Amino acid sequence: MSKSTMSARFRRVDVDEYDENKFVDEDDGGENQLGPDEAEVDSLIRQGNLMEALHAVLKNPPINTKNQNVKERAEGLVLKVLSAFKSSDIEKGVQSLDKNSVDLLMKYIYKGFERPSENSSAVLLQWHEKALAAGGVGSIVRVLTARKTV
Amino acid sequence: MSLYSFGLEPLSCHTWNKDRSQIAVSPNNNVANIYEKKGKEWVKIHELTEHSGRITGIDWAPETNRIVTCASDRNAYVWTLKDGTWKPTLVLVRINRAASCVKWSPLENKFALGSGASIISVCYFEKENDWWLSKHIKKSIRSTVLSLDWHPNNILLAAGSADFNCRVFSAYIKDIEDKPGPTAWGAKMPFGEVLLEHKDCGGWVHSVSFSPSGDQLAWVAHNSSIGVSDATQGKEVTQLTTNYLPLLSVLYVSPSEIVAAGHDCCPIQFTYKGPGALEFVKKLDIPKQSSKTSMSAMQHFRNLDKRAIEEDSNELGTIHQNSITQLCVVAGEKAKVEKYSSVGLDGAMVMWDFKVLPCIPKK
């Protein structure tokens with residue numbers, strides 16, 4: 001069997017890109033989403049008001065934006081707040097959130113698992129346990145099925 | 001509630017005849033079996049073999065006693081009982097992908113078929129040429145149609161689809177029926193007209209169900225949520241996210257109560273009282289208390305050593321041991337369902353009683 005002398009580059013073409021009926025998500029115009037307010041959250045952390053910091057960092061999630069930097073900044077900020085909590089306060093923090101916020105927190109937690117740093121996984125696991133108790137497996141399903149996420 | 005096991009294979013779909021003495025099920029293959037109730041057992045009396053692909057939907061029309069089956073072989077057959085055997089008639093559905101679901105209309109003069117071709121095929125019988133014809137609804141559907149339900153007026157059709165949308169179409173066929181009067185969903189209903197398109201249901205819409213009056217439409221989506229659109233309130237949508245695994249089937253059992261079931265293997269009751277008032281009521285399966293069989297100390301430590309487990313139970317606490325795929329009304333009219341049935345991936349069919357507890361008015 002001799003090897004074909006013609007180029008095999010065609011095998012690397014993504015045919016789905018050329019499909020006329022390809023499903024495209026609607027563009028929700030999220031270019032103006034900036035994520036949670038860094039200054040506000042930082043000052044709340046410095047004041048030691050961690051509950052308020054948690055609520056503040058879960059505001060304005062950069063869900064619709066395609067800008068990866070905004071998303072990464074938001075994730076970093078959330079991680080900062082989550083790490084600042086004492087282990088014993090995590091449960092109270094989760095209890096103070098409403099249903100949608102628990103779902104959003106789960107999204108940030110799983111995003112944080114994607115790029116583990118020094119101590120992040122341990123902190124995130126503690127938060128995951130409490131968030132799971134509050135949101136159930138449903139909240140994890142919503143992390144998996146969300147088309148637009150943080 | 002009572003359980004009957006039809007074997008080890010998952011039951012893809014099921015449907016009842018008019019007096020509920022016979023049930024048609026498909027054990028996840030290309031054959032549909034009809035069982036008849038004999039005492040406490042279900043005995044197989046017919047086998048419907050004509051499909052070459054896995055059967056994805058069966059529906060039994062109670063009054064005209066016809067069965068329609070659809071399968072992944074892109075075909076649908078209408079079966080009529082002649083001289084004690086079921087004879088199939090091919091329906092020209094003209095789809096180039098697998099069929100996913102099928103439902104007779106309330107008056108049984110037509111049926112709707114959903115497919116992976118992003119098309120709904122509404123089929124009716126044409127007497128002149130003695131065959132089943134179909135008309136296609138393609139408008140705005142962009143992925144597989146996962147579920148269908150007819151409005152009581154025999155014209156409107158709800159469709160849940162894998163493109164995360166839930167829609168209500170008009171399936172008015174002027175050759176076989178009169179022009180419909182206006183409903184809460186709209187007044188102009190030419191064939192294929194979209195009367196509701198809810199764009200972001202959060203996930204694949206696995207199942208849809210109209211309320212008994214047809215004024216509300218409930219659906220369940222893959223993001224573990226249930227939604228209701230209320231035509232009497234400007235088609236306003238109320239959505240409720242649940243803490244459970246995604247629901248796969250939803251059924252209205254009274255004007256305000258909804259039963260849904262899915263991957264958690266347990267039917268759940270919800271209530272809808274108006275926009276913003278969609279609430280979880282309770283789980284309808286009372287988990288049996290795990291009987292602590294007296295295990296000797298030796299057994300206990302052996303289990304711990306060999307399998308690292310403390311209890312010896314592999315069973316779920318619910319009656320169904322695997323996801324529930326379909327719910328169906330068994331007894332009671334649509335507005336006052338008294339019994340409903342569920343089939344699941346565990347090959348079991350369970351009959352459930354539904355009781356509406358009397359409402360104690362708040363003082």
# chains A, B, ... in the order shown; residues from 1 in each chain; ligands from 1

call {"tool": "interface_residues", "arguments": {"of": "chain A", "to": "chain B", "cutoff": "9 Å", "atoms": "only C-alpha atoms", "output": "PyMOL selection string"}}
result
chain A and resi 21-23+99-100+134-147

call {"tool": "write_last_selection", "arguments": {"atoms": "N, CA, C and O atoms", "output": "compact mmCIF listing (two decimals), in the first residue's frame"}}
result
# COMPACT_ATOMS: atom_id res chain seq x y z
N ASN A 21 -27.22 25.25 8.34
CA ASN A 21 -28.19 25.18 9.42
C ASN A 21 -27.54 25.12 10.78
O ASN A 21 -28.16 24.72 11.75
N LYS A 22 -26.30 25.51 10.84
CA LYS A 22 -25.60 25.42 12.12
C LYS A 22 -26.26 26.32 13.14
O LYS A 22 -26.63 27.45 12.86
N PHE A 23 -26.43 25.79 14.32
CA PHE A 23 -27.11 26.52 15.37
C PHE A 23 -26.17 27.57 15.94
O PHE A 23 -25.09 27.26 16.41
N LYS A 99 -31.79 31.85 45.34
CA LYS A 99 -31.62 30.72 44.42
C LYS A 99 -30.71 31.04 43.24
O LYS A 99 -29.81 30.27 42.92
N ASN A 100 -30.98 32.18 42.60
CA ASN A 100 -30.17 32.51 41.42
C ASN A 100 -28.72 32.76 41.78
O ASN A 100 -27.81 32.44 41.02
N ALA A 134 -27.28 23.74 49.46
CA ALA A 134 -28.32 24.74 49.25
C ALA A 134 -29.00 24.59 47.88
O ALA A 134 -30.21 24.72 47.78
N GLY A 135 -28.22 24.30 46.85
CA GLY A 135 -28.78 24.30 45.50
C GLY A 135 -29.11 22.92 44.95
O GLY A 135 -29.76 22.80 43.93
N GLY A 136 -28.63 21.89 45.60
CA GLY A 136 -28.92 20.55 45.12
C GLY A 136 -28.19 20.25 43.81
O GLY A 136 -27.50 21.09 43.26
N VAL A 137 -28.40 19.04 43.30
CA VAL A 137 -27.74 18.69 42.04
C VAL A 137 -28.26 19.55 40.91
O VAL A 137 -27.61 19.71 39.88
N GLY A 138 -29.46 20.11 41.08
CA GLY A 138 -30.02 21.00 40.06
C GLY A 138 -29.08 22.15 39.74
O GLY A 138 -28.92 22.54 38.57
N SER A 139 -28.44 22.70 40.75
CA SER A 139 -27.55 23.84 40.50
C SER A 139 -26.34 23.40 39.68
O SER A 139 -25.84 24.14 38.84
N ILE A 140 -25.87 22.17 39.89
CA ILE A 140 -24.75 21.67 39.10
C ILE A 140 -25.20 21.41 37.66
O ILE A 140 -24.49 21.70 36.70
N VAL A 141 -26.43 20.87 37.51
CA VAL A 141 -26.96 20.64 36.16
C VAL A 141 -27.01 21.96 35.41
O VAL A 141 -26.69 22.05 34.22
N ARG A 142 -27.38 23.03 36.13
CA ARG A 142 -27.47 24.33 35.45
C ARG A 142 -26.09 24.86 35.07
O ARG A 142 -25.96 25.60 34.10
N VAL A 143 -25.06 24.50 35.80
CA VAL A 143 -23.70 24.88 35.39
C VAL A 143 -23.37 24.20 34.07
O VAL A 143 -22.80 24.79 33.16
N LEU A 144 -23.78 22.92 33.95
CA LEU A 144 -23.45 22.15 32.76
C LEU A 144 -24.27 22.58 31.55
O LEU A 144 -23.79 22.53 30.43
N THR A 145 -25.52 22.98 31.77
CA THR A 145 -26.37 23.26 30.62
C THR A 145 -26.38 24.71 30.19
O THR A 145 -26.92 25.03 29.14
N ALA A 146 -25.80 25.58 30.98
CA ALA A 146 -25.86 27.01 30.63
C ALA A 146 -25.10 27.28 29.34
O ALA A 146 -23.93 26.94 29.23
N ARG A 147 -25.78 27.90 28.39
CA ARG A 147 -25.11 28.22 27.13
C ARG A 147 -24.14 29.38 27.32
O ARG A 147 -23.10 29.45 26.72

call {"tool": "residues_around", "arguments": {"residues": "region 48-61 of chain A", "least_positions_apart": "3", "cutoff": "10 Å", "atoms": "only C-alpha atoms", "output": "ChimeraX atom specification"}}
result
/A:33-38,40-45,64-65,70-71,74-75,77-82,84-86,89-90,92-94,96-97,100-102,104-105,108,149-150

call {"tool": "select_by_dssp", "arguments": {"residues": "region 11-142 of chain A", "states": "helix (DSSP H, G or I)", "output": "ChimeraX atom specification"}}
result
/A:11-12,15-18,38-47,50-57,68-84,87-95,99-114,120-142

call {"tool": "residues_around", "arguments": {"residues": "Lys18 (chain B)", "least_positions_apart": "4", "cutoff": "10 Å", "atoms": "only C-alpha atoms", "output": "list of chain:residue names"}}
result
B:Gln22, B:Ile23, B:Trp60, B:Ala61, B:Pro62, B:Glu63, B:Thr64, B:Asn65, B:Val330

call {"tool": "write_last_selection", "arguments": {"atoms": "N, CA and C atoms", "output": "compact mmCIF listing (two decimals), in the first residue's frame"}}
result
# COMPACT_ATOMS: atom_id res chain seq x y z
N GLN B 22 -55.54 -2.81 28.05
CA GLN B 22 -54.38 -3.19 27.25
C GLN B 22 -53.39 -2.04 27.23
N ILE B 23 -52.12 -2.41 27.17
CA ILE B 23 -51.07 -1.40 27.11
C ILE B 23 -50.11 -1.76 25.98
N TRP B 60 -52.11 5.56 21.24
CA TRP B 60 -53.32 4.77 20.97
C TRP B 60 -54.51 5.72 21.00
N ALA B 61 -55.26 5.77 19.90
CA ALA B 61 -56.42 6.64 19.87
C ALA B 61 -57.58 5.89 20.49
N PRO B 62 -58.12 6.37 21.62
CA PRO B 62 -59.14 5.59 22.35
C PRO B 62 -60.43 5.35 21.57
N GLU B 63 -60.96 6.38 20.91
CA GLU B 63 -62.28 6.19 20.28
C GLU B 63 -62.18 5.40 18.99
N THR B 64 -61.26 5.77 18.11
CA THR B 64 -61.17 5.09 16.82
C THR B 64 -60.34 3.81 16.89
N ASN B 65 -59.76 3.55 18.06
CA ASN B 65 -58.96 2.33 18.28
C ASN B 65 -57.87 2.12 17.24
N VAL B 330 -54.11 7.71 33.18
CA VAL B 330 -54.76 6.40 33.13
C VAL B 330 -56.24 6.52 33.43

call {"tool": "residues_around", "arguments": {"residues": "Ala171 (chain B)", "least_positions_apart": "3", "cutoff": "10 Å", "atoms": "only C-alpha atoms", "output": "NGL selection string"}}
result
:B and (105 or 110-112 or 120-123 or 135-137 or 150 or 154-158 or 168 or 174 or 189-194)

call {"tool": "residues_around", "arguments": {"residues": "region 119-130 of chain A", "least_positions_apart": "3", "cutoff": "6 Å", "atoms": "only C-alpha atoms", "output": "PyMOL selection string"}}
result
chain A and resi 91+109+116+133

call {"tool": "select_by_dssp", "arguments": {"residues": "region 130-276 of chain B", "states": "strand (DSSP E or B)", "output": "number ranges by chain"}}
result
B: 131-137, 145-150, 156-161, 166-170, 183, 186, 194-198, 205-210, 216-221, 225-230, 236-241, 247-252, 257-262, 268-272

call {"tool": "atom_distance", "arguments": {"atom1": "CA of Lys103 (chain B)", "atom2": "CA of Ile34 (chain B)"}}
result
17.7 Å

call {"tool": "closest_residue", "arguments": {"among": "B:Ala335, B:Val145, B:Asp305, B:Asn129", "to": "Ser211 (chain B)", "atoms": "only C-alpha atoms"}}
result
B:Ala335

call {"tool": "atom_distance", "arguments": {"atom1": "CA of Ser207 (chain B)", "atom2": "CA of Trp86 (chain B)"}}
result
28.9 Å
